[in-house]
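Trainee: Input file: model.txt. Contents: compact mmCIF, C-alpha atoms.
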```txt
# COMPACT_ATOMS: atom_id res chain seq x y z
CA MET A 1 -143.13 40.61 54.93
CA VAL A 2 -144.32 43.19 57.41
CA ALA A 3 -145.20 41.66 60.76
CA PRO A 4 -148.59 42.63 62.14
CA ARG A 5 -148.59 45.15 64.95
CA ARG A 6 -149.62 42.99 67.84
CA ASP A 7 -148.83 45.36 70.68
CA PRO A 8 -152.00 46.87 72.10
CA ILE A 9 -152.55 50.61 72.09
CA ASP A 10 -151.64 52.49 75.25
CA ARG A 11 -154.45 52.42 77.77
CA SER A 12 -154.22 56.13 78.43
CA VAL A 13 -155.06 56.77 74.76
CA VAL A 14 -158.14 54.58 75.12
CA ALA A 15 -159.17 56.36 78.32
CA ARG A 16 -158.87 59.74 76.59
CA ALA A 17 -160.75 58.54 73.52
CA VAL A 18 -163.55 57.24 75.72
CA VAL A 19 -164.08 60.67 77.25
CA GLY A 20 -164.28 62.25 73.80
CA ASP A 21 -160.73 63.42 73.15
CA GLU A 22 -160.52 63.80 69.36
CA ALA A 23 -156.72 63.70 69.29
CA ALA A 24 -156.81 60.37 71.13
CA PHE A 25 -159.38 59.02 68.70
CA THR A 26 -157.14 60.09 65.80
CA GLU A 27 -154.26 58.23 67.42
CA LEU A 28 -156.48 55.18 67.79
CA VAL A 29 -157.43 55.28 64.08
CA GLN A 30 -153.77 55.67 63.11
CA TRP A 31 -152.84 52.70 65.29
CA TYR A 32 -155.45 50.28 63.96
CA HIS A 33 -156.18 51.52 60.44
CA ALA A 34 -153.74 49.24 58.59
CA ARG A 35 -154.76 46.18 60.62
CA PHE A 36 -158.45 46.95 60.07
CA LEU A 37 -157.88 47.42 56.37
CA ARG A 38 -155.94 44.18 56.08
CA PHE A 39 -158.71 42.27 57.88
CA ALA A 40 -161.46 43.86 55.77
CA ARG A 41 -159.61 43.19 52.51
CA HIS A 42 -159.18 39.54 53.41
CA MET A 43 -162.81 39.25 54.35
CA LEU A 44 -164.31 41.20 51.45
CA ARG A 45 -161.91 40.85 48.52
CA ASP A 46 -163.00 44.16 47.03
CA ASP A 47 -160.58 46.90 48.18
CA ALA A 48 -162.98 49.78 47.69
CA GLU A 49 -165.62 48.00 49.72
CA ALA A 50 -163.03 47.24 52.40
CA ASP A 51 -162.19 50.96 52.60
CA ASP A 52 -165.86 51.80 53.11
CA VAL A 53 -166.34 49.09 55.72
CA VAL A 54 -163.28 50.21 57.70
CA GLN A 55 -164.59 53.77 57.74
CA GLU A 56 -168.01 52.55 58.83
CA ALA A 57 -166.43 50.48 61.60
CA PHE A 58 -164.44 53.43 62.95
CA ILE A 59 -167.56 55.62 62.91
CA ARG A 60 -169.42 52.98 64.89
CA ILE A 61 -166.50 52.75 67.29
CA TYR A 62 -166.46 56.51 67.77
CA ARG A 63 -170.17 56.51 68.49
CA ALA A 64 -169.92 53.56 70.83
CA LEU A 65 -166.79 54.60 72.73
CA PRO A 66 -168.76 56.23 75.56
CA ASN A 67 -170.32 52.80 76.15
CA TYR A 68 -167.07 50.87 76.20
CA GLN A 69 -166.81 48.75 79.34
CA GLU A 70 -163.31 48.35 80.67
CA GLN A 71 -164.04 44.76 81.65
CA GLU A 72 -163.72 43.77 78.01
CA ARG A 73 -160.36 43.66 76.23
CA PHE A 74 -160.27 46.75 74.04
CA GLU A 75 -158.95 45.02 70.93
CA SER A 76 -161.63 42.34 71.15
CA TRP A 77 -164.24 45.06 71.33
CA LEU A 78 -162.80 46.86 68.29
CA PHE A 79 -162.51 43.74 66.17
CA ARG A 80 -165.99 42.59 67.08
CA ILE A 81 -167.38 45.81 65.63
CA LEU A 82 -165.22 45.47 62.52
CA ALA A 83 -166.16 41.82 62.03
CA ASN A 84 -169.85 42.72 62.32
CA CYS A 85 -169.44 45.43 59.68
CA CYS A 86 -167.73 42.92 57.38
CA ARG A 87 -170.51 40.38 57.87
CA THR A 88 -173.11 42.98 56.97
CA ALA A 89 -171.17 43.95 53.84
CA LEU A 90 -170.72 40.29 52.90
CA SER A 91 -174.40 39.62 53.08
CA ARG A 92 -174.84 42.37 50.45
CA SER A 93 -172.26 40.93 48.04
CA ARG A 94 -172.41 37.17 48.62
CA ARG A 95 -173.75 36.31 45.21
CA ARG A 96 -170.94 38.13 43.41
CA SER A 97 -168.24 36.56 45.64
CA ASP A 98 -169.51 33.04 45.04
CA HIS A 99 -169.14 33.54 41.31
CA LEU A 100 -165.54 34.73 41.59
CA VAL A 101 -164.60 31.86 43.87
CA SER A 102 -165.64 29.15 41.46
CA LEU A 103 -163.32 30.64 38.86
CA GLY A 104 -160.52 31.16 41.36
CA ALA A 105 -159.98 27.64 42.64
CA ARG A 106 -158.73 26.26 39.33
CA GLU A 107 -156.65 29.35 38.70
CA ALA A 108 -155.10 28.98 42.15
CA ARG A 109 -153.73 25.50 41.59
CA ASP A 110 -152.20 26.46 38.26
CA VAL A 111 -150.29 29.38 39.67
CA TYR A 112 -149.14 27.58 42.81
CA GLN A 113 -147.87 24.61 40.89
CA SER A 114 -145.94 26.77 38.42
CA PRO A 115 -143.34 28.76 40.33
CA GLU A 116 -142.54 30.95 37.34
CA LEU A 117 -146.09 32.28 37.51
CA ARG A 118 -145.73 33.09 41.15
CA ASN A 119 -144.67 36.70 40.84
CA ASP A 120 -145.97 38.95 43.55
CA ALA A 121 -149.10 40.13 41.80
CA ALA A 122 -150.13 36.65 40.73
CA TRP A 123 -149.39 35.13 44.12
CA HIS A 124 -151.38 37.75 45.95
CA SER A 125 -154.23 37.45 43.54
CA LEU A 126 -154.12 33.71 44.06
CA LEU A 127 -154.20 34.05 47.81
CA ARG A 128 -157.13 36.37 47.79
CA THR A 129 -158.99 34.05 45.48
CA ALA A 130 -158.23 31.10 47.70
CA LEU A 131 -159.35 32.99 50.80
CA ALA A 132 -162.52 34.04 49.07
CA GLY A 133 -163.11 30.36 48.35
CA LEU A 134 -163.58 29.67 52.04
CA PRO A 135 -167.00 29.86 53.66
CA HIS A 136 -167.30 33.13 55.53
CA ASP A 137 -167.17 31.66 59.02
CA GLN A 138 -164.02 29.66 58.21
CA ARG A 139 -162.37 32.63 56.56
CA GLU A 140 -163.13 34.87 59.52
CA ALA A 141 -161.75 32.34 62.03
CA PHE A 142 -158.64 31.70 59.94
CA VAL A 143 -157.84 35.40 59.45
CA LEU A 144 -158.48 36.28 63.08
CA HIS A 145 -156.28 33.46 64.33
CA TYR A 146 -153.40 33.17 61.91
CA VAL A 147 -153.27 36.54 60.19
CA ASP A 148 -154.21 38.83 63.02
CA GLY A 149 -152.78 36.61 65.73
CA HIS A 150 -155.77 36.41 68.08
CA SER A 151 -155.80 33.52 70.53
CA TYR A 152 -158.82 31.21 70.60
CA GLU A 153 -159.68 32.59 74.02
CA THR A 154 -159.88 36.11 72.59
CA MET A 155 -161.79 34.90 69.57
CA VAL A 156 -164.50 33.43 71.78
CA THR A 157 -165.10 36.89 73.23
CA LEU A 158 -164.92 38.46 69.83
CA THR A 159 -167.25 36.16 67.93
CA GLY A 160 -169.44 34.63 70.62
CA VAL A 161 -168.65 31.20 69.16
CA ARG A 162 -167.42 28.27 71.27
CA GLN A 163 -163.71 27.55 71.21
CA SER A 164 -164.18 24.00 69.89
CA ALA A 165 -166.22 25.32 66.95
CA LEU A 166 -163.63 27.99 66.22
CA LYS A 167 -160.83 25.40 66.17
CA MET A 168 -162.84 23.27 63.80
CA ARG A 169 -163.41 26.23 61.48
CA VAL A 170 -159.71 27.06 61.43
CA LYS A 171 -158.78 23.44 60.76
CA ARG A 172 -161.26 23.20 57.90
CA ALA A 173 -160.00 26.49 56.50
CA CYS A 174 -156.42 25.18 56.57
CA ASP A 175 -157.41 21.94 54.86
CA ARG A 176 -159.35 23.78 52.22
CA LEU A 177 -156.60 26.29 51.55
CA ARG A 178 -154.05 23.51 51.15
CA HIS A 179 -156.39 21.76 48.75
CA MET A 180 -157.03 24.89 46.69
CA LEU A 181 -153.33 25.67 46.57
CA GLY A 182 -152.51 22.22 45.36
CA ALA A 183 -150.52 21.30 48.46
CA PRO A 184 -150.42 17.73 49.79
CA ASP A 185 -152.76 16.97 52.69
CA HIS A 186 -151.31 17.85 56.03
CA GLY A 187 -151.73 15.70 59.13
CA MET B 1 -149.97 28.08 84.41
CA GLY B 2 -152.98 29.67 86.08
CA ASP B 3 -155.57 31.92 84.44
CA ARG B 4 -154.01 35.08 85.85
CA GLU B 5 -150.59 34.19 84.53
CA MET B 6 -152.11 33.39 81.14
CA ARG B 7 -153.61 36.87 80.95
CA ASP B 8 -150.41 38.58 81.97
CA VAL B 9 -148.14 37.12 79.31
CA PRO B 10 -148.29 38.19 75.66
CA GLU B 11 -150.35 35.92 73.46
CA ARG B 12 -148.31 33.26 71.73
CA ASP B 13 -148.11 33.83 68.00
CA PRO B 14 -150.32 31.16 66.37
CA MET B 15 -147.86 31.14 63.46
CA LEU B 16 -145.59 28.99 65.63
CA ALA B 17 -148.02 26.12 65.13
CA LEU B 18 -147.22 26.20 61.40
CA ARG B 19 -143.55 25.33 61.82
CA ASP B 20 -143.97 22.08 59.91
CA ASP B 21 -146.38 23.34 57.32
CA PRO B 22 -144.42 25.30 54.69
CA VAL B 23 -147.39 25.94 52.43
CA LEU B 24 -149.58 27.50 55.08
CA ARG B 25 -146.63 29.31 56.58
CA THR B 26 -146.00 30.95 53.21
CA VAL B 27 -149.68 31.74 52.87
CA VAL B 28 -149.94 33.32 56.31
CA SER B 29 -146.71 35.29 55.88
CA SER B 30 -148.06 36.82 52.71
CA LEU B 31 -151.47 37.50 54.19
CA ARG B 32 -149.85 39.28 57.12
CA GLU B 33 -148.37 41.99 54.95
CA MET B 34 -149.77 45.30 56.06
CA PRO B 35 -151.32 47.78 53.66
CA PRO B 36 -149.22 50.97 53.52
CA SER B 37 -150.11 53.70 55.97
CA ASP B 38 -152.59 56.17 54.57
CA PRO B 39 -152.68 59.44 56.53
CA GLU B 40 -155.31 60.92 54.24
CA ALA B 41 -157.63 57.97 54.89
CA VAL B 42 -157.09 58.40 58.63
CA ARG B 43 -157.99 62.10 58.40
CA ARG B 44 -161.06 61.31 56.31
CA ILE B 45 -162.24 58.69 58.79
CA VAL B 46 -161.78 60.96 61.80
CA ARG B 47 -163.64 63.78 60.05
CA ALA B 48 -166.50 61.43 59.18
CA ALA B 49 -166.67 60.02 62.70
CA VAL B 50 -166.65 63.41 64.37
CA ALA B 51 -169.29 64.65 61.93
CA ALA B 52 -171.46 61.65 62.79
CA GLY B 53 -171.01 62.56 66.46
CA PRO B 54 -171.05 60.40 69.53
CA GLN B 55 -174.24 58.78 70.72
CA ARG B 56 -176.21 61.23 72.79
CA ALA B 57 -175.44 61.17 76.46
CA SER B 58 -177.81 59.35 78.73
CA LEU B 59 -177.66 57.90 82.21
CA ALA B 60 -175.89 54.91 80.71
CA ARG B 61 -173.00 56.92 79.29
CA PRO B 62 -172.37 60.31 80.76
CA TRP B 63 -168.65 59.98 80.00
CA HIS B 64 -169.00 62.45 77.22
CA ILE B 65 -170.09 66.06 77.41
CA ALA B 66 -172.96 65.64 79.86
CA GLY B 67 -170.39 66.02 82.60
CA ALA B 68 -169.55 63.96 85.58
CA ALA B 69 -171.17 66.37 88.02
CA VAL B 70 -174.53 66.11 86.27
CA ALA B 71 -174.23 62.35 86.16
CA ALA B 72 -173.38 62.23 89.83
CA SER B 73 -176.40 64.33 90.68
CA VAL B 74 -178.67 62.03 88.74
CA LEU B 75 -177.19 59.01 90.42
CA VAL B 76 -177.46 60.57 93.84
CA ALA B 77 -181.09 61.42 93.17
CA ALA B 78 -181.70 57.83 92.18
CA GLY B 79 -180.14 56.62 95.40
CA TYR B 80 -177.37 54.96 93.47
CA ILE B 81 -174.60 56.87 95.19
CA VAL B 82 -175.11 58.04 98.71
CA GLY B 83 -172.16 60.36 98.88
CA HIS B 84 -168.52 60.56 99.83
CA ARG B 85 -167.70 59.98 103.47
CA PRO B 86 -164.07 60.33 104.47
CA ASN B 87 -163.00 57.55 106.76
CA ALA B 88 -161.69 58.30 110.23
CA GLY B 89 -158.03 58.50 109.25
CA GLU B 90 -158.77 60.62 106.25
CA ARG B 91 -160.93 63.09 108.19
CA ASP B 92 -157.88 64.17 110.16
CA ARG B 93 -155.87 64.85 107.05
CA VAL B 94 -158.41 66.47 104.78
CA SER B 95 -159.82 69.95 104.90
CA THR B 96 -162.06 71.39 102.23
CA GLY B 97 -161.58 74.76 100.64
CA TRP B 98 -157.88 75.23 101.29
CA SER B 99 -155.61 75.92 98.38
CA THR B 100 -152.09 77.07 97.69
CA VAL B 101 -152.27 76.89 93.91
CA ALA B 102 -153.85 79.13 91.32
CA GLN B 103 -156.73 76.79 90.65
CA PRO B 104 -158.93 76.00 93.63
CA ALA B 105 -158.57 72.51 94.98
CA SER B 106 -161.41 70.68 96.62
CA ARG B 107 -159.40 68.63 99.06
CA VAL B 108 -156.09 68.91 100.81
CA ALA B 109 -154.22 65.88 102.05
CA HIS B 110 -150.99 66.10 104.00
CA GLY B 111 -148.06 63.83 103.34
CA VAL B 112 -147.02 61.58 100.54
CA ALA B 113 -148.25 58.56 102.46
CA ALA B 114 -151.31 56.83 101.08
CA THR B 115 -154.36 59.03 100.61
CA ALA B 116 -157.63 57.28 101.28
CA PHE B 117 -160.62 57.56 98.99
CA ARG B 118 -164.07 56.28 99.80
CA LEU B 119 -167.32 56.44 97.87
CA ASP B 120 -170.73 55.25 98.99
CA ALA B 121 -172.22 53.42 96.04
CA PRO B 122 -174.17 50.44 97.40
CA ALA B 123 -175.75 49.51 94.07
CA ALA B 124 -172.51 49.64 92.08
CA ARG B 125 -170.94 46.48 90.70
CA ALA B 126 -167.46 47.90 90.12
CA VAL B 127 -165.80 51.13 91.19
CA SER B 128 -162.33 52.39 90.42
CA LEU B 129 -160.34 55.54 90.99
CA VAL B 130 -158.87 57.43 88.05
CA GLY B 131 -156.67 60.49 88.01
CA ASP B 132 -153.51 62.04 86.68
CA PHE B 133 -151.55 59.73 89.02
CA ASN B 134 -152.66 56.61 87.09
CA SER B 135 -153.05 58.07 83.59
CA TRP B 136 -156.84 58.02 83.99
CA ASP B 137 -156.76 54.29 83.51
CA PRO B 138 -160.00 52.78 84.85
CA ALA B 139 -158.28 49.40 85.30
CA ALA B 140 -155.30 50.70 87.26
CA THR B 141 -156.83 51.39 90.68
CA PRO B 142 -159.90 49.30 91.43
CA MET B 143 -161.69 50.09 94.68
CA THR B 144 -162.81 47.36 97.02
CA ARG B 145 -166.22 47.09 98.62
CA ASP B 146 -166.23 47.89 102.32
CA ALA B 147 -167.40 45.42 104.92
CA ASP B 148 -170.64 47.41 105.33
CA GLY B 149 -171.53 46.58 101.70
CA ARG B 150 -172.20 50.25 100.90
CA GLY B 151 -168.89 51.97 100.45
CA TRP B 152 -165.90 51.40 98.19
CA SER B 153 -162.38 52.26 99.30
CA VAL B 154 -158.83 52.46 98.11
CA ALA B 155 -155.65 54.12 99.34
CA VAL B 156 -153.19 55.58 96.86
CA THR B 157 -149.70 56.92 97.32
CA MET B 158 -149.02 59.93 95.15
CA PRO B 159 -146.39 62.62 95.03
CA ALA B 160 -146.90 65.99 96.67
CA GLY B 161 -148.68 68.51 94.49
CA ARG B 162 -152.06 69.10 92.93
CA HIS B 163 -153.90 66.13 91.47
CA THR B 164 -157.20 65.74 89.72
CA TYR B 165 -159.26 62.59 90.08
CA ALA B 166 -162.66 61.02 89.53
CA PHE B 167 -164.45 57.76 90.21
CA VAL B 168 -165.54 55.25 87.57
CA VAL B 169 -168.76 53.61 88.72
CA ASP B 170 -169.87 50.75 86.46
CA GLY B 171 -168.23 52.51 83.55
CA LEU B 172 -169.49 56.00 84.41
CA VAL B 173 -166.99 58.72 85.23
CA ILE B 174 -168.16 60.91 88.08
CA ALA B 175 -166.52 63.63 90.09
CA ASP B 176 -166.35 63.18 93.82
CA PRO B 177 -169.96 64.03 94.79
CA ASP B 178 -168.94 65.32 98.21
CA VAL B 179 -166.68 68.15 97.08
CA PRO B 180 -167.03 70.96 94.51
CA SER B 181 -165.96 69.81 91.07
CA VAL B 182 -163.49 71.53 88.80
CA ARG B 183 -163.30 71.53 85.02
CA ASP B 184 -160.54 69.43 83.52
CA PRO B 185 -158.95 71.69 80.90
CA ASP B 186 -157.79 68.77 78.74
CA TYR B 187 -160.99 66.78 78.52
CA ASP B 188 -163.58 69.44 79.42
CA VAL B 189 -165.29 67.24 81.96
CA ALA B 190 -165.97 67.77 85.65
CA VAL B 191 -163.43 66.15 87.94
CA SER B 192 -162.29 66.67 91.52
CA ALA B 193 -159.06 68.21 92.72
CA LEU B 194 -156.79 67.24 95.56
CA ILE B 195 -153.64 68.78 96.96
CA VAL B 196 -151.10 66.50 98.60
CA ARG B 197 -148.68 68.41 100.80
CA GLU B 198 -145.26 67.34 101.96
CA ARG B 199 -145.23 66.44 105.60
```
What would you get if you wrote out this structure as structure tokens?

Mentor:
Amino acid sequence: MVAPRRDPIDRSVVARAVVGDEAAFTELVQWYHARFLRFARHMLRDDAEADDVVQEAFIRIYRALPNYQEQERFESWLFRILANCCRTALSRSRRRSDHLVSLGAREARDVYQSPELRNDAAWHSLLRTALAGLPHDQREAFVLHYVDGHSYETMVTLTGVRQSALKMRVKRACDRLRHMLGAPDHG
Amino acid sequence: MGDREMRDVPERDPMLALRDDPVLRTVVSSLREMPPSDPEAVRRIVRAAVAAGPQRASLARPWHIAGAAVAASVLVAAGYIVGHRPNAGERDRVSTGWSTVAQPASRVAHGVAATAFRLDAPAARAVSLVGDFNSWDPAATPMTRDADGRGWSVAVTMPAGRHTYAFVVDGLVIADPDVPSVRDPDYDVAVSALIVRER
């Protein structure tokens, strides 16, 4: 397992990117590209679409950098733009995703309950299917909190949703994932 | 633990809450795997972003290209910034137009003791000082509003030598409006220059 890079980018890089320094912007893309791609893949399921959405998000970030207000945490600002791009892409492909999910839930239990089937490819396919089985708002909250490591406080800034609602979404996502993966209910 | 302390410590990894939940811990561990680095994708994204270009400069964001001096002029014309007025202590230590280095400096301050900066910006909500001495970090050196409600001040200790600096007024970078600006060779924006001499 590769741990997510949770350390924030150096502020001086941000300051240079804000004033239009292309080398600093390149450094920023290098720093966040893998994390962005991971988030987009979990949200969208389709890798090619995730690639496109990540590129779109970075273009929006580049265009919006001159407007960045230092009062806001930089990472929250970045992920808000990325999450918005993912939501837009999801609204285009919702029908297709729903179809895949209904097939995936049964498949998921079979693989989880049979360890011999749990080779890497199958396990990852299972996970993505299970994630895709979550409603979008629960999936987003779960990935932001557990996968990308954002605190609820940061997520409030990022999503504009109340902390109590975010906690409820994460809890429901956990319950649903356990159910889809054939795990016993967890207190 | 107070709010300030909460902000200063690294965020606790939410994964710790899954200590007693082996299924979800396995799930999250797998989901946390990073895609491999992809330098070609990074290059493609940067090319696409640069080709798309930044949003055109306006009064709201003169950070880029338009130049701090232009922005400052606009703001001065709008009565937003009245102008730089050295405070009494500073007036004794600052003379304009003196330089000992190849590039002309706009201000000269003697001594490595704190150098005072003041900007009249009565309508501003937040002002900070940026420069090579704080890595151009807008959060590093906030200025405080003066008792008269018009000016913003801060004193900074910096080593002897030539320094470049600017003000960040509600997110806008502006050169010191009271002294001639110089062009920053790295970022191609107008900034101000200051020489601090050893006592």

Trainee: Residues of chain A were defined as contacting chain B if any atom lay at most 7 Å from it, counting all atoms listed in the file; please report them as a ChimeraX atom specification.

Mentor: /A:1-4,11-12,15,19-21,26,29-30,34-35,38,55,58-59,62-64,66-67,69-70,145-147,149,151,183

Trainee: Fewer than 6 positions away in the same chain doesn't count, so skip those; otherwise give me all residues within 7 Å of range 143-148 of chain B, counting all atoms listed in the file, as a ChimeraX atom specification.

Mentor: /B:127-129,154

Trainee: Please, what distance in Å, to one decimal, runs between CA of Thr157 in chain B and CA of Thr115 in chain B?

Mentor: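 For CA of Thr157 in chain B relative to CA of Thr115 in chain B, the distance reads 6.1 Å.
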
Trainee: Between CA of Phe36 in chain A and CA of Met180 in chain A, what is the spacing in Å?

Mentor: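 Separating CA of Met180 in chain A from CA of Phe36 in chain A is a distance of 25.8 Å.
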
Trainee: Would you work out the distance separating CA of Val143 in chain A from CA of Phe74 in chain A, expressed in Å to one decimal?

Mentor: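 We find that CA of Val143 in chain A and CA of Phe74 in chain A lie 18.6 Å from each other.
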
Trainee: I need the residue nearest Asp148 in chain A from this list: A:Phe39, A:Tyr32, A:Phe25, A:Tyr68. Use only C-alpha atoms for the distance.

Mentor: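 The answer is A:Phe39, which sits nearest to Asp148 in chain A.
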
Trainee: Measuring atom to atom with only C-alpha atoms, identify which of A:Thr154, A:Leu131, A:Ala121, A:Glu49 is nearest to Phe79 in chain A.

Mentor: A:Thr154
